[in-house]
file data30.cif (mmCIF, C-alpha atoms)
data_entry
loop_
_atom_site.label_atom_id
_atom_site.label_comp_id
_atom_site.auth_asym_id
_atom_site.auth_seq_id
_atom_site.Cartn_x
_atom_site.Cartn_y
_atom_site.Cartn_z
CA MET A 215 -10.78 4.27 -35.39
CA GLU A 216 -12.44 5.43 -32.18
CA SER A 217 -10.79 2.59 -30.24
CA TYR A 218 -7.43 3.42 -31.80
CA PHE A 219 -7.55 7.08 -30.77
CA LEU A 220 -8.91 6.20 -27.34
CA ASP A 221 -5.94 3.89 -26.84
CA TRP A 222 -3.55 6.70 -27.75
CA ALA A 223 -5.33 9.05 -25.36
CA ASN A 224 -5.15 6.37 -22.67
CA LEU A 225 -1.41 5.85 -23.22
CA LEU A 226 -0.47 9.54 -23.26
CA LEU A 227 -2.67 10.44 -20.30
CA ARG A 228 -1.38 7.49 -18.31
CA TRP A 229 2.19 8.56 -19.07
CA LEU A 230 1.50 12.14 -17.98
CA HIS A 231 -0.42 10.95 -14.92
CA VAL A 232 2.41 8.72 -13.70
CA ILE A 233 5.07 11.39 -14.28
CA THR A 234 3.20 14.08 -12.36
CA ALA A 235 2.14 11.62 -9.64
CA ILE A 236 5.78 10.72 -9.06
CA ALA A 237 6.59 14.41 -8.70
CA TRP A 238 3.67 14.98 -6.30
CA VAL A 239 4.26 11.91 -4.15
CA GLY A 240 7.99 12.57 -4.11
CA SER A 241 7.59 16.14 -2.88
CA SER A 242 5.00 15.05 -0.30
CA PHE A 243 7.25 12.31 1.07
CA TYR A 244 10.24 14.64 1.11
CA PHE A 245 8.52 17.36 3.14
CA VAL A 246 7.12 14.84 5.63
CA PHE A 247 10.66 13.53 6.05
CA LEU A 248 11.98 17.08 6.34
CA ASP A 249 9.50 18.10 9.05
CA SER A 250 10.24 14.92 11.00
CA SER A 251 14.03 15.33 10.71
CA LEU A 252 14.49 19.00 11.59
CA THR A 253 16.63 19.80 14.64
CA PRO A 254 16.78 23.10 16.58
CA PRO A 255 19.20 25.53 14.92
CA VAL A 256 22.67 25.88 16.37
CA ASP A 257 23.53 29.21 14.78
CA GLU A 258 22.36 32.15 16.90
CA ASP A 259 21.67 34.25 13.79
CA LEU A 260 19.20 31.64 12.57
CA LYS A 261 17.45 31.67 15.94
CA ARG A 262 17.10 35.44 15.83
CA GLN A 263 15.56 35.21 12.34
CA GLY A 264 12.82 32.94 13.67
CA VAL A 265 14.18 29.60 12.43
CA ASN A 266 12.90 26.73 14.57
CA GLY A 267 14.40 23.80 12.65
CA GLU A 268 17.21 22.94 10.26
CA LEU A 269 18.60 19.95 8.43
CA TRP A 270 21.97 19.24 6.91
CA ALA A 271 21.99 16.74 4.05
CA VAL A 272 24.27 15.56 1.28
CA HIS A 273 22.96 14.47 -2.11
CA GLY A 274 24.26 14.32 -5.66
CA GLY A 275 27.70 15.56 -4.72
CA GLY A 276 26.52 18.66 -2.86
CA PHE A 277 25.56 19.73 0.66
CA TYR A 278 22.10 21.17 1.42
CA HIS A 279 20.94 23.19 4.41
CA PRO A 280 17.14 23.67 4.47
CA VAL A 281 15.69 25.61 7.40
CA LYS A 282 12.10 26.06 8.61
CA PHE A 283 10.81 29.34 10.00
CA ASN A 284 8.36 29.50 12.87
CA VAL A 285 5.14 30.67 11.14
CA ALA A 286 6.88 32.90 8.54
CA PRO A 287 10.29 34.36 7.62
CA PRO A 288 11.05 37.96 8.62
CA LYS A 289 11.29 38.88 4.93
CA LEU A 290 9.99 37.26 1.77
CA PRO A 291 12.63 36.23 -0.78
CA ASP A 292 12.49 37.47 -4.36
CA HIS A 293 11.88 33.94 -5.66
CA LEU A 294 9.45 31.71 -3.74
CA HIS A 295 8.73 28.23 -5.08
CA TRP A 296 5.16 26.97 -4.79
CA PHE A 297 4.30 23.26 -4.78
CA PHE A 298 0.93 22.93 -6.48
CA TRP A 299 1.30 22.12 -10.17
CA GLU A 300 2.23 18.51 -9.31
CA SER A 301 -1.08 18.02 -7.47
CA TYR A 302 -3.29 19.77 -10.01
CA THR A 303 -1.72 18.10 -13.05
CA THR A 304 -1.90 14.68 -11.42
CA TRP A 305 -5.60 15.09 -10.69
CA LEU A 306 -6.48 16.59 -14.06
CA SER A 307 -4.62 13.89 -16.00
CA GLY A 308 -6.09 11.21 -13.74
CA PHE A 309 -9.64 12.46 -14.22
CA ALA A 310 -9.10 12.63 -17.99
CA LEU A 311 -7.79 9.06 -17.89
CA LEU A 312 -10.82 7.97 -15.86
CA THR A 313 -13.04 9.61 -18.48
CA VAL A 314 -11.52 7.95 -21.55
CA SER A 315 -11.05 4.57 -19.85
CA TYR A 316 -14.24 4.16 -17.79
CA LEU A 317 -16.78 6.94 -18.17
CA TRP A 318 -16.60 6.86 -21.98
CA ASN A 319 -17.54 3.17 -21.91
CA ALA A 320 -19.68 3.20 -18.77
CA GLY A 321 -21.97 0.49 -20.11
CA ILE A 322 -19.01 -1.90 -20.20
CA TYR A 323 -16.92 -0.86 -17.20
CA LEU A 324 -19.31 0.68 -14.66
CA VAL A 325 -22.37 -1.57 -14.94
CA HIS A 326 -22.67 -5.15 -13.70
CA PRO A 327 -23.45 -7.17 -16.86
CA ALA A 328 -25.34 -9.98 -15.11
CA ASP A 329 -27.26 -7.78 -12.69
CA PRO A 330 -27.24 -4.14 -13.84
CA LEU A 331 -28.26 -1.87 -10.98
CA MET A 332 -28.46 1.26 -13.10
CA SER A 333 -28.16 2.64 -16.60
CA PRO A 334 -24.76 3.77 -17.91
CA ALA A 335 -25.75 7.42 -17.42
CA MET A 336 -26.73 6.74 -13.82
CA ALA A 337 -23.48 4.84 -13.29
CA ILE A 338 -21.49 7.86 -14.48
CA ALA A 339 -23.42 10.10 -12.08
CA ALA A 340 -22.82 7.66 -9.22
CA ALA A 341 -19.09 7.47 -9.99
CA LEU A 342 -18.74 11.26 -9.97
CA ALA A 343 -20.82 11.44 -6.80
CA PHE A 344 -18.31 9.21 -5.04
CA LEU A 345 -15.59 11.77 -5.72
CA VAL A 346 -17.63 14.78 -4.61
CA VAL A 347 -19.60 13.38 -1.66
CA PHE A 348 -16.57 11.82 0.00
CA TRP A 349 -14.68 15.11 -0.20
CA LEU A 350 -17.62 17.03 1.32
CA LEU A 351 -17.98 14.56 4.19
CA TYR A 352 -14.24 14.34 4.80
CA ASP A 353 -13.86 18.12 4.69
CA GLY A 354 -16.79 18.50 7.10
CA ILE A 355 -15.16 16.08 9.54
CA CYS A 356 -11.92 18.06 9.43
CA ARG A 357 -13.74 21.38 9.93
CA VAL A 358 -15.79 20.18 12.89
CA PHE A 359 -13.28 18.02 14.75
CA GLY A 360 -9.86 19.01 13.39
CA GLN A 361 -9.15 21.78 15.91
CA LYS A 362 -10.53 20.03 18.99
CA ALA A 363 -8.50 18.30 21.70
CA ASN A 364 -7.42 14.91 20.33
CA GLY A 365 -8.74 16.20 17.01
CA ASP A 366 -6.28 14.20 14.92
CA ALA A 367 -7.37 10.92 16.53
CA ILE A 368 -11.05 11.75 16.13
CA VAL A 369 -10.62 12.78 12.49
CA GLY A 370 -8.54 9.68 11.75
CA THR A 371 -11.16 7.36 13.23
CA LEU A 372 -14.08 9.01 11.45
CA VAL A 373 -12.27 9.09 8.10
CA LEU A 374 -11.42 5.38 8.49
CA VAL A 375 -15.12 4.62 9.07
CA LEU A 376 -16.04 6.78 6.08
CA VAL A 377 -13.55 4.96 3.83
CA CYS A 378 -14.92 1.58 4.96
CA ILE A 379 -18.49 2.62 4.15
CA ALA A 380 -17.41 3.98 0.75
CA ALA A 381 -15.52 0.76 -0.07
CA TRP A 382 -18.54 -1.38 0.78
CA LEU A 383 -20.87 0.81 -1.30
CA ALA A 384 -18.50 0.98 -4.28
CA CYS A 385 -18.12 -2.79 -4.41
CA ARG A 386 -21.89 -3.25 -4.20
CA ILE A 387 -22.69 -0.71 -6.91
CA PHE A 388 -19.87 -1.16 -9.44
CA PRO A 389 -17.94 -4.11 -10.88
CA GLY A 390 -14.88 -4.90 -8.77
CA GLN A 391 -12.26 -3.35 -11.03
CA ALA A 392 -14.17 -0.08 -11.33
CA ALA A 393 -14.92 -0.06 -7.58
CA PHE A 394 -11.24 -0.34 -6.66
CA LEU A 395 -10.24 2.32 -9.17
CA LEU A 396 -12.98 4.71 -8.03
CA MET A 397 -11.89 4.34 -4.41
CA GLY A 398 -8.40 5.41 -5.44
CA ALA A 399 -9.79 8.29 -7.47
CA MET A 400 -11.99 9.30 -4.54
CA LEU A 401 -9.07 9.57 -2.12
CA ALA A 402 -6.87 11.25 -4.74
CA THR A 403 -9.60 13.82 -5.37
CA SER A 404 -9.65 14.69 -1.67
CA MET A 405 -5.87 14.94 -1.67
CA SER A 406 -5.87 17.42 -4.53
CA ALA A 407 -8.84 19.28 -3.03
CA ASN A 408 -6.85 19.66 0.19
CA VAL A 409 -4.15 21.39 -1.81
CA PHE A 410 -6.59 23.53 -3.80
CA PHE A 411 -8.98 24.60 -1.02
CA TRP A 412 -6.78 24.66 2.05
CA ILE A 413 -3.02 24.37 1.66
CA ILE A 414 -2.40 26.83 -1.18
CA PRO A 415 -5.04 29.42 -0.08
CA GLY A 416 -3.58 29.37 3.44
CA GLN A 417 -0.11 29.92 2.08
CA ARG A 418 -1.34 32.77 -0.10
CA LYS A 419 -2.87 34.47 2.95
CA VAL A 420 0.45 34.18 4.79
CA VAL A 421 2.33 35.68 1.84
CA ALA A 422 -0.22 38.49 1.49
CA ALA A 423 0.09 39.35 5.19
CA LEU A 424 3.89 39.43 4.94
CA LYS A 425 3.77 41.69 1.90
CA ALA A 426 1.35 44.02 3.68
CA GLY A 427 3.51 44.12 6.79
CA GLN A 428 0.74 42.58 8.90
CA PRO A 429 1.11 39.87 11.57
CA VAL A 430 0.68 36.34 10.25
CA ASP A 431 -2.07 34.17 11.70
CA PRO A 432 -0.46 30.78 12.55
CA VAL A 433 -3.78 28.96 12.00
CA HIS A 434 -3.14 28.87 8.25
CA GLY A 435 0.07 26.92 8.73
CA LYS A 436 -1.60 24.53 11.20
CA ARG A 437 -4.50 23.80 8.85
CA GLY A 438 -2.23 23.34 5.86
CA LYS A 439 0.01 21.01 7.84
CA GLN A 440 -2.97 18.94 8.98
CA ARG A 441 -4.25 18.44 5.44
CA SER A 442 -0.74 17.73 4.16
CA VAL A 443 -0.33 14.97 6.77
CA HIS A 444 -3.68 13.48 5.72
CA ASN A 445 -2.44 13.43 2.13
CA THR A 446 0.65 11.46 3.02
CA TYR A 447 -1.47 8.74 4.69
CA PHE A 448 -3.79 8.59 1.68
CA THR A 449 -0.89 8.06 -0.73
CA LEU A 450 -0.17 4.33 -0.35
CA PRO A 451 -3.87 3.34 -0.32
CA VAL A 452 -4.36 5.35 -3.52
CA LEU A 453 -1.39 3.71 -5.20
CA PHE A 454 -2.67 0.26 -4.27
CA ALA A 455 -6.13 1.01 -5.66
CA MET A 456 -4.65 2.27 -8.92
CA LEU A 457 -2.39 -0.76 -9.36
CA SER A 458 -5.00 -3.34 -8.36
CA ASN A 459 -6.73 -3.38 -11.74
CA HIS A 460 -3.98 -5.69 -13.01
CA TYR A 461 -4.99 -8.45 -10.59
CA GLY A 462 -8.44 -9.89 -11.12
CA TRP A 463 -8.27 -12.25 -8.13
CA LEU A 464 -8.24 -9.16 -5.89
CA TYR A 465 -11.23 -7.24 -7.14
CA ASN A 466 -13.25 -10.31 -8.19
CA HIS A 467 -13.20 -11.86 -4.72
CA GLY A 468 -16.60 -12.35 -3.09
CA GLN A 469 -15.55 -10.06 -0.21
CA ASN A 470 -13.66 -7.61 -2.41
CA TRP A 471 -14.72 -4.65 -0.29
CA LEU A 472 -12.99 -6.17 2.74
CA VAL A 473 -9.90 -6.98 0.66
CA LEU A 474 -9.75 -3.34 -0.40
CA ILE A 475 -10.17 -2.02 3.16
CA LEU A 476 -7.50 -4.32 4.57
CA MET A 477 -4.99 -3.47 1.84
CA MET A 478 -5.59 0.26 2.26
CA PHE A 479 -5.25 -0.07 6.03
CA ALA A 480 -1.97 -1.95 5.59
CA GLY A 481 -0.69 0.80 3.30
CA ALA A 482 -1.57 3.52 5.82
CA ALA A 483 0.08 1.57 8.66
CA ILE A 484 3.27 1.12 6.66
CA ARG A 485 3.26 4.81 5.80
CA GLN A 486 2.93 5.60 9.51
CA PHE A 487 6.05 3.53 10.12
CA PHE A 488 8.06 5.68 7.73
CA VAL A 489 6.64 8.91 9.15
CA MET A 490 7.53 7.94 12.72
CA ARG A 491 10.89 6.46 11.76
CA HIS A 492 12.37 9.90 10.99
CA GLY A 493 11.32 11.36 14.34
CA TYR A 494 12.30 8.23 16.27
CA LYS A 495 15.92 8.69 15.25
CA LEU A 496 15.81 12.06 17.01
CA GLY A 497 14.03 10.72 20.09
CA ARG A 498 10.77 12.54 19.38
CA ASN A 499 8.31 9.66 19.45
CA GLY A 500 7.89 5.98 20.21
CA HIS A 501 9.25 3.09 18.24
CA PRO A 502 7.81 2.92 14.72
CA TRP A 503 8.20 -0.84 14.23
CA PRO A 504 4.78 -1.80 15.67
CA TYR A 505 3.13 0.04 12.77
CA ALA A 506 5.28 -1.81 10.26
CA ALA A 507 4.44 -5.07 12.01
CA VAL A 508 0.70 -4.33 11.86
CA GLY A 509 0.92 -3.51 8.15
CA VAL A 510 2.91 -6.64 7.34
CA VAL A 511 0.64 -8.89 9.43
CA VAL A 512 -2.41 -7.55 7.59
CA LEU A 513 -0.70 -8.07 4.23
CA VAL A 514 0.31 -11.63 5.08
CA GLY A 515 -3.20 -12.29 6.38
CA VAL A 516 -4.73 -11.17 3.09
CA VAL A 517 -2.23 -13.27 1.11
CA VAL A 518 -3.16 -16.38 3.11
CA TRP A 519 -6.88 -15.59 2.95
CA LEU A 520 -6.91 -15.22 -0.84
CA LYS A 521 -4.78 -18.29 -1.48
CA PRO A 522 -6.59 -20.39 -4.12
CA ALA A 523 -7.97 -23.68 -2.94
CA ALA A 524 -6.24 -26.79 -4.18
CA PRO A 525 -8.09 -28.38 -7.09
CA ALA A 526 -10.31 -31.27 -6.15
CA VAL A 527 -8.80 -34.64 -7.00
CA SER A 528 -11.02 -36.60 -9.33
CA ALA A 529 -10.48 -40.11 -10.61
CA ALA A 530 -11.99 -39.20 -13.95
CA ALA A 531 -10.76 -36.30 -16.04
CA PRO A 532 -13.38 -33.61 -16.68
CA ALA A 533 -15.16 -33.78 -19.98
CA ALA A 534 -13.33 -31.77 -22.59
CA ALA A 535 -14.94 -28.66 -23.99
CA GLY A 536 -15.04 -28.74 -27.77
CA TYR A 537 -13.70 -25.88 -29.85
CA GLU A 538 -17.17 -25.06 -31.16
CA GLN A 539 -18.36 -24.52 -27.60
CA LEU A 540 -15.33 -22.34 -26.86
CA HIS A 541 -15.72 -20.44 -30.14
CA ALA A 542 -19.23 -19.35 -29.17
CA VAL A 543 -17.93 -17.84 -25.91
CA ILE A 544 -15.03 -16.12 -27.70
CA GLN A 545 -17.36 -14.56 -30.25
CA LYS A 546 -19.61 -13.29 -27.49
CA HIS A 547 -16.98 -11.79 -25.18
CA CYS A 548 -13.51 -11.66 -26.73
CA VAL A 549 -13.41 -10.64 -30.38
CA VAL A 550 -14.66 -7.14 -29.57
CA CYS A 551 -11.06 -6.44 -28.44
CA HIS A 552 -9.11 -9.29 -30.05
CA SER A 553 -9.72 -9.32 -33.78
CA ALA A 554 -8.15 -7.92 -36.92
CA ASN A 555 -11.44 -6.11 -37.47
CA THR A 556 -11.19 -4.29 -34.14
CA ILE A 557 -8.20 -2.96 -32.23
CA ALA A 558 -6.48 -6.34 -31.60
CA GLN A 559 -5.35 -5.45 -28.09
CA LYS A 560 -1.69 -6.40 -27.50
CA ASN A 561 -1.72 -7.82 -31.02
CA VAL A 562 -3.75 -10.81 -29.80
CA LYS A 563 -6.29 -11.98 -32.39
CA PHE A 564 -8.89 -14.73 -32.22
CA ASP A 565 -10.00 -14.68 -35.85
CA THR A 566 -9.05 -18.28 -36.63
CA PRO A 567 -8.79 -21.51 -34.63
CA GLN A 568 -5.02 -21.36 -35.14
CA ASP A 569 -4.92 -17.87 -33.61
CA VAL A 570 -6.77 -19.13 -30.55
CA LYS A 571 -4.52 -22.20 -30.26
CA SER A 572 -1.36 -20.05 -30.39
CA HIS A 573 -2.54 -18.02 -27.41
CA ALA A 574 -3.95 -20.94 -25.41
CA GLN A 575 -1.64 -20.50 -22.43
CA GLN A 576 -2.25 -16.74 -22.26
CA ILE A 577 -6.00 -17.31 -22.48
CA TYR A 578 -5.90 -19.83 -19.63
CA GLN A 579 -3.83 -17.52 -17.45
CA GLN A 580 -5.90 -14.38 -18.03
CA VAL A 581 -9.36 -15.97 -18.06
CA VAL A 582 -9.09 -18.90 -15.65
CA GLN A 583 -6.20 -18.24 -13.26
CA LEU A 584 -6.24 -14.44 -12.94
CA ARG A 585 -9.93 -14.05 -13.84
CA LYS A 586 -8.99 -10.71 -15.38
CA MET A 587 -10.80 -10.93 -18.69
CA PRO A 588 -12.91 -9.41 -20.19
CA PHE A 589 -10.76 -6.43 -19.29
CA GLY A 590 -12.54 -3.82 -17.23
CA ASN A 591 -15.56 -6.01 -16.55
CA PRO A 592 -14.62 -9.63 -15.88
CA GLY A 593 -18.03 -10.21 -14.35
CA ALA A 594 -19.40 -10.36 -17.90
CA LEU A 595 -18.00 -13.90 -18.15
CA SER A 596 -20.06 -16.40 -16.17
CA ASP A 597 -18.50 -19.19 -14.11
CA GLU A 598 -19.82 -21.71 -16.62
CA GLU A 599 -18.12 -19.86 -19.48
CA ARG A 600 -14.84 -19.73 -17.55
CA GLU A 601 -15.20 -23.44 -16.94
CA THR A 602 -15.43 -23.89 -20.73
CA PHE A 603 -12.01 -22.24 -21.14
CA LYS A 604 -10.59 -24.31 -18.29
CA ARG A 605 -11.76 -27.66 -19.63
CA TRP A 606 -10.68 -26.79 -23.18
CA TYR A 607 -7.13 -25.90 -22.12
CA GLU A 608 -6.62 -28.64 -19.54
CA ASN A 609 -7.70 -31.28 -22.04
CA GLY A 610 -5.20 -30.33 -24.71
CA ALA A 611 -6.58 -27.08 -26.22
CA SER A 612 -7.77 -28.94 -29.31
CA ILE A 613 -9.15 -27.01 -32.28
CA ALA A 614 -10.37 -30.08 -34.10
CA PRO A 615 -14.02 -29.85 -35.19
#
call {"tool": "encode", "arguments": {"input": "data30.cif", "output": "structure tokens"}}
result
Amino acid sequence: MESYFLDWANLLLRWLHVITAIAWVGSSFYFVFLDSSLTPPVDEDLKRQGVNGELWAVHGGGFYHPVKFNVAPPKLPDHLHWFFWESYTTWLSGFALLTVSYLWNAGIYLVHPADPLMSPAMAIAAALAFLVVFWLLYDGICRVFGQKANGDAIVGTLVLVLVCIAAWLACRIFPGQAAFLLMGAMLATSMSANVFFWIIPGQRKVVAALKAGQPVDPVHGKRGKQRSVHNTYFTLPVLFAMLSNHYGWLYNHGQNWLVLILMMFAGAAIRQFFVMRHGYKLGRNGHPWPYAAVGVVVLVGVVVWLKPAAPAVSAAAPAAAGYEQLHAVIQKHCVVCHSANTIAQKNVKFDTPQDVKSHAQQIYQQVVQLRKMPFGNPGALSDEERETFKRWYENGASIAP
């Protein structure tokens, strides 16, 4: 029953997490587009009110005219919309999902089965430390270098180095699937912390000053803008890390840390293309296509690099693995999730030889080709045991004794 209720919690939390993430990413992308697409106001009244940018747009059958004030409007409106629930709900639902999916079963998902580096309790502490320590280091970099000349370039370089170090450490400490997921959670935590500790507090100080009739310090807007821009570059790397757990050949690669870094870098470069594209149309910056080209070249390079080697041609067919040999491996690694006596994930059961035979192609794909199973910790299956599945399937998937 515990597995059943954990599956329901996983489903509902994942649903909530995706919904709120769409809302958060959508609003982030929209405001980056808006800032990059604003033009100086034409109307003299808008200029006198302190407006330094406007945009005309048409959508859903209506015309929209958003404007941006330089630092703050002369008067606060009665209804002011705040963008923060999307960020907080996304992080809270994501952390809850991480808890029920990984931390709850740390001994399975966070510990290398063949070479455990730590106990499950220590693995949980290490996973949480990744979230906290990265934020502290990243935040320190922004505080120290963010306001200096060429501060954005310095911060970007140092954060890139920090991400590379974190990726290498994560892939050394945790199984590949958990390492990729924790890297995504680490960046997402910093994104939400940016909103919680910097963007929203800065906006509240601006609003409080306006209400009190005091001059507004523009530094709050500059800091909030800086952290918001960082968030938009983190977005595509985070999405890749979260989606990667469906593809075992990514996180099981011998150089999985480098795969992760390259894919995250490609995502950030492609995001830079979209950011610059809006301003390029207005003649504000250089051509954005080099960034897209860099991202695509890196992606293609990774695709070619990870291409599976062609199978060696042998005059003699490999010796078939008997069903008894396969059955021993299934009992050791598979029936915990695929049995009528357990949860029977995706309604796949291996209780009888006929059950196994009926799912032979799926087994071969998930275990041999994708190297995805056992789910959450494919390292639990040795190369010799995978070879047993391979030889059994490629020699007819016989269940004869």
call {"tool": "residues_around", "arguments": {"input": "data30.cif", "residues": "Leu225 of chain A", "least_positions_apart": "3", "cutoff": "12 Å", "atoms": "only C-alpha atoms", "output": "PyMOL selection string"}}
result
chain A and resi 218-222+228-232+307-308+310-311+314-315
call {"tool": "residues_around", "arguments": {"input": "data30.cif", "residues": "Pro451 of chain A", "least_positions_apart": "5", "cutoff": "7 Å", "atoms": "only C-alpha atoms", "output": "list in words"}}
result
Met478, Gly481 and Ala482 of chain A
call {"tool": "residues_around", "arguments": {"input": "data30.cif", "residues": "Arg441 of chain A", "least_positions_apart": "2", "cutoff": "12 Å", "atoms": "only C-alpha atoms", "output": "ChimeraX atom specification"}}
result
/A:242,246,352-353,355-357,360,366,369-370,404-414,416,434-439,443-448
call {"tool": "resolve_selection", "arguments": {"input": "data30.cif", "expression": "the PyMOL selection byres ((chain A and resi 610) around 10)", "output": "list of chain:residue names"}}
result
A:Ala534, A:Ala535, A:Lys571, A:Ala574, A:Arg605, A:Trp606, A:Tyr607, A:Glu608, A:Asn609, A:Ala611, A:Ser612, A:Ile613
call {"tool": "write_last_selection", "arguments": {"input": "data30.cif", "atoms": "C-alpha atoms", "output": "CSV table (one decimal), in the coordinates of the input"}}
result
chain,number,residue,atom,x,y,z
A,534,ALA,CA,-13.3,-31.8,-22.6
A,535,ALA,CA,-14.9,-28.7,-24.0
A,571,LYS,CA,-4.5,-22.2,-30.3
A,574,ALA,CA,-4.0,-20.9,-25.4
A,605,ARG,CA,-11.8,-27.7,-19.6
A,606,TRP,CA,-10.7,-26.8,-23.2
A,607,TYR,CA,-7.1,-25.9,-22.1
A,608,GLU,CA,-6.6,-28.6,-19.5
A,609,ASN,CA,-7.7,-31.3,-22.0
A,611,ALA,CA,-6.6,-27.1,-26.2
A,612,SER,CA,-7.8,-28.9,-29.3
A,613,ILE,CA,-9.2,-27.0,-32.3
call {"tool": "residues_around", "arguments": {"input": "data30.cif", "residues": "Thr602 of chain A", "least_positions_apart": "2", "cutoff": "12 Å", "atoms": "all atoms listed in the file", "output": "ChimeraX atom specification"}}
result
/A:532-544,577-578,581-582,595-600,604-609,611
call {"tool": "residues_around", "arguments": {"input": "data30.cif", "residues": "Ala235 of chain A", "least_positions_apart": "6", "cutoff": "12 Å", "atoms": "only C-alpha atoms", "output": "compact mmCIF listing (two decimals) with C-alpha atoms, keeping the file's coordinate frame"}}
result
# COMPACT_ATOMS: atom_id res chain seq x y z
CA LEU A 227 -2.67 10.44 -20.30
CA ARG A 228 -1.38 7.49 -18.31
CA TRP A 229 2.19 8.56 -19.07
CA SER A 241 7.59 16.14 -2.88
CA SER A 242 5.00 15.05 -0.30
CA PHE A 243 7.25 12.31 1.07
CA PHE A 298 0.93 22.93 -6.48
CA TRP A 299 1.30 22.12 -10.17
CA GLU A 300 2.23 18.51 -9.31
CA SER A 301 -1.08 18.02 -7.47
CA TYR A 302 -3.29 19.77 -10.01
CA THR A 303 -1.72 18.10 -13.05
CA THR A 304 -1.90 14.68 -11.42
CA TRP A 305 -5.60 15.09 -10.69
CA LEU A 306 -6.48 16.59 -14.06
CA SER A 307 -4.62 13.89 -16.00
CA GLY A 308 -6.09 11.21 -13.74
CA ALA A 402 -6.87 11.25 -4.74
CA MET A 405 -5.87 14.94 -1.67
CA SER A 406 -5.87 17.42 -4.53
CA THR A 449 -0.89 8.06 -0.73
CA VAL A 452 -4.36 5.35 -3.52
CA LEU A 453 -1.39 3.71 -5.20
CA MET A 456 -4.65 2.27 -8.92
call {"tool": "atom_distance", "arguments": {"input": "data30.cif", "atom1": "atom CA of Ala507 of chain A", "atom2": "atom CA of Leu374 of chain A"}}
result
19.3 Å
call {"tool": "closest_residue", "arguments": {"input": "data30.cif", "among": "A:His326, A:Arg485, A:Arg585, A:His501", "to": "Asn459 of chain A", "atoms": "only C-alpha atoms"}}
result
A:Arg585
call {"tool": "resolve_selection", "arguments": {"input": "data30.cif", "expression": "the PyMOL selection byres ((chain A and resi 455) around 10)", "output": "ChimeraX atom specification"}}
result
/A:391-399,401,450-454,456-459,465,474,477-478
call {"tool": "build_atoms", "arguments": {"input": "data30.cif", "residues": "segment 219-232 of chain A", "atoms": "N, CA and C atoms", "output": "short mmCIF file (atom, residue, chain, number, x, y, z; two decimals), keeping the file's coordinate frame"}}
result
data_model
loop_
_atom_site.label_atom_id
_atom_site.label_comp_id
_atom_site.auth_asym_id
_atom_site.auth_seq_id
_atom_site.Cartn_x
_atom_site.Cartn_y
_atom_site.Cartn_z
N PHE A 219 -7.86 5.77 -31.35
CA PHE A 219 -7.55 7.08 -30.77
C PHE A 219 -7.77 7.09 -29.26
N LEU A 220 -8.74 6.32 -28.78
CA LEU A 220 -8.91 6.20 -27.34
C LEU A 220 -7.71 5.53 -26.69
N ASP A 221 -7.14 4.54 -27.37
CA ASP A 221 -5.94 3.89 -26.84
C ASP A 221 -4.77 4.86 -26.77
N TRP A 222 -4.62 5.69 -27.79
CA TRP A 222 -3.55 6.70 -27.75
C TRP A 222 -3.78 7.70 -26.62
N ALA A 223 -5.02 8.13 -26.46
CA ALA A 223 -5.33 9.05 -25.36
C ALA A 223 -5.04 8.39 -24.01
N ASN A 224 -5.40 7.11 -23.90
CA ASN A 224 -5.15 6.37 -22.67
C ASN A 224 -3.65 6.30 -22.38
N LEU A 225 -2.87 5.97 -23.39
CA LEU A 225 -1.41 5.85 -23.22
C LEU A 225 -0.79 7.17 -22.80
N LEU A 226 -1.10 8.25 -23.53
CA LEU A 226 -0.47 9.54 -23.26
C LEU A 226 -0.91 10.10 -21.91
N LEU A 227 -2.19 9.95 -21.60
CA LEU A 227 -2.67 10.44 -20.30
C LEU A 227 -2.09 9.63 -19.16
N ARG A 228 -1.96 8.33 -19.36
CA ARG A 228 -1.38 7.49 -18.31
C ARG A 228 0.09 7.87 -18.08
N TRP A 229 0.80 8.14 -19.15
CA TRP A 229 2.19 8.56 -19.07
C TRP A 229 2.30 9.87 -18.28
N LEU A 230 1.49 10.85 -18.67
CA LEU A 230 1.50 12.14 -17.98
C LEU A 230 1.09 11.97 -16.51
N HIS A 231 0.08 11.15 -16.27
CA HIS A 231 -0.42 10.95 -14.92
C HIS A 231 0.65 10.35 -14.01
N VAL A 232 1.36 9.36 -14.51
CA VAL A 232 2.41 8.72 -13.70
C VAL A 232 3.56 9.68 -13.43
#
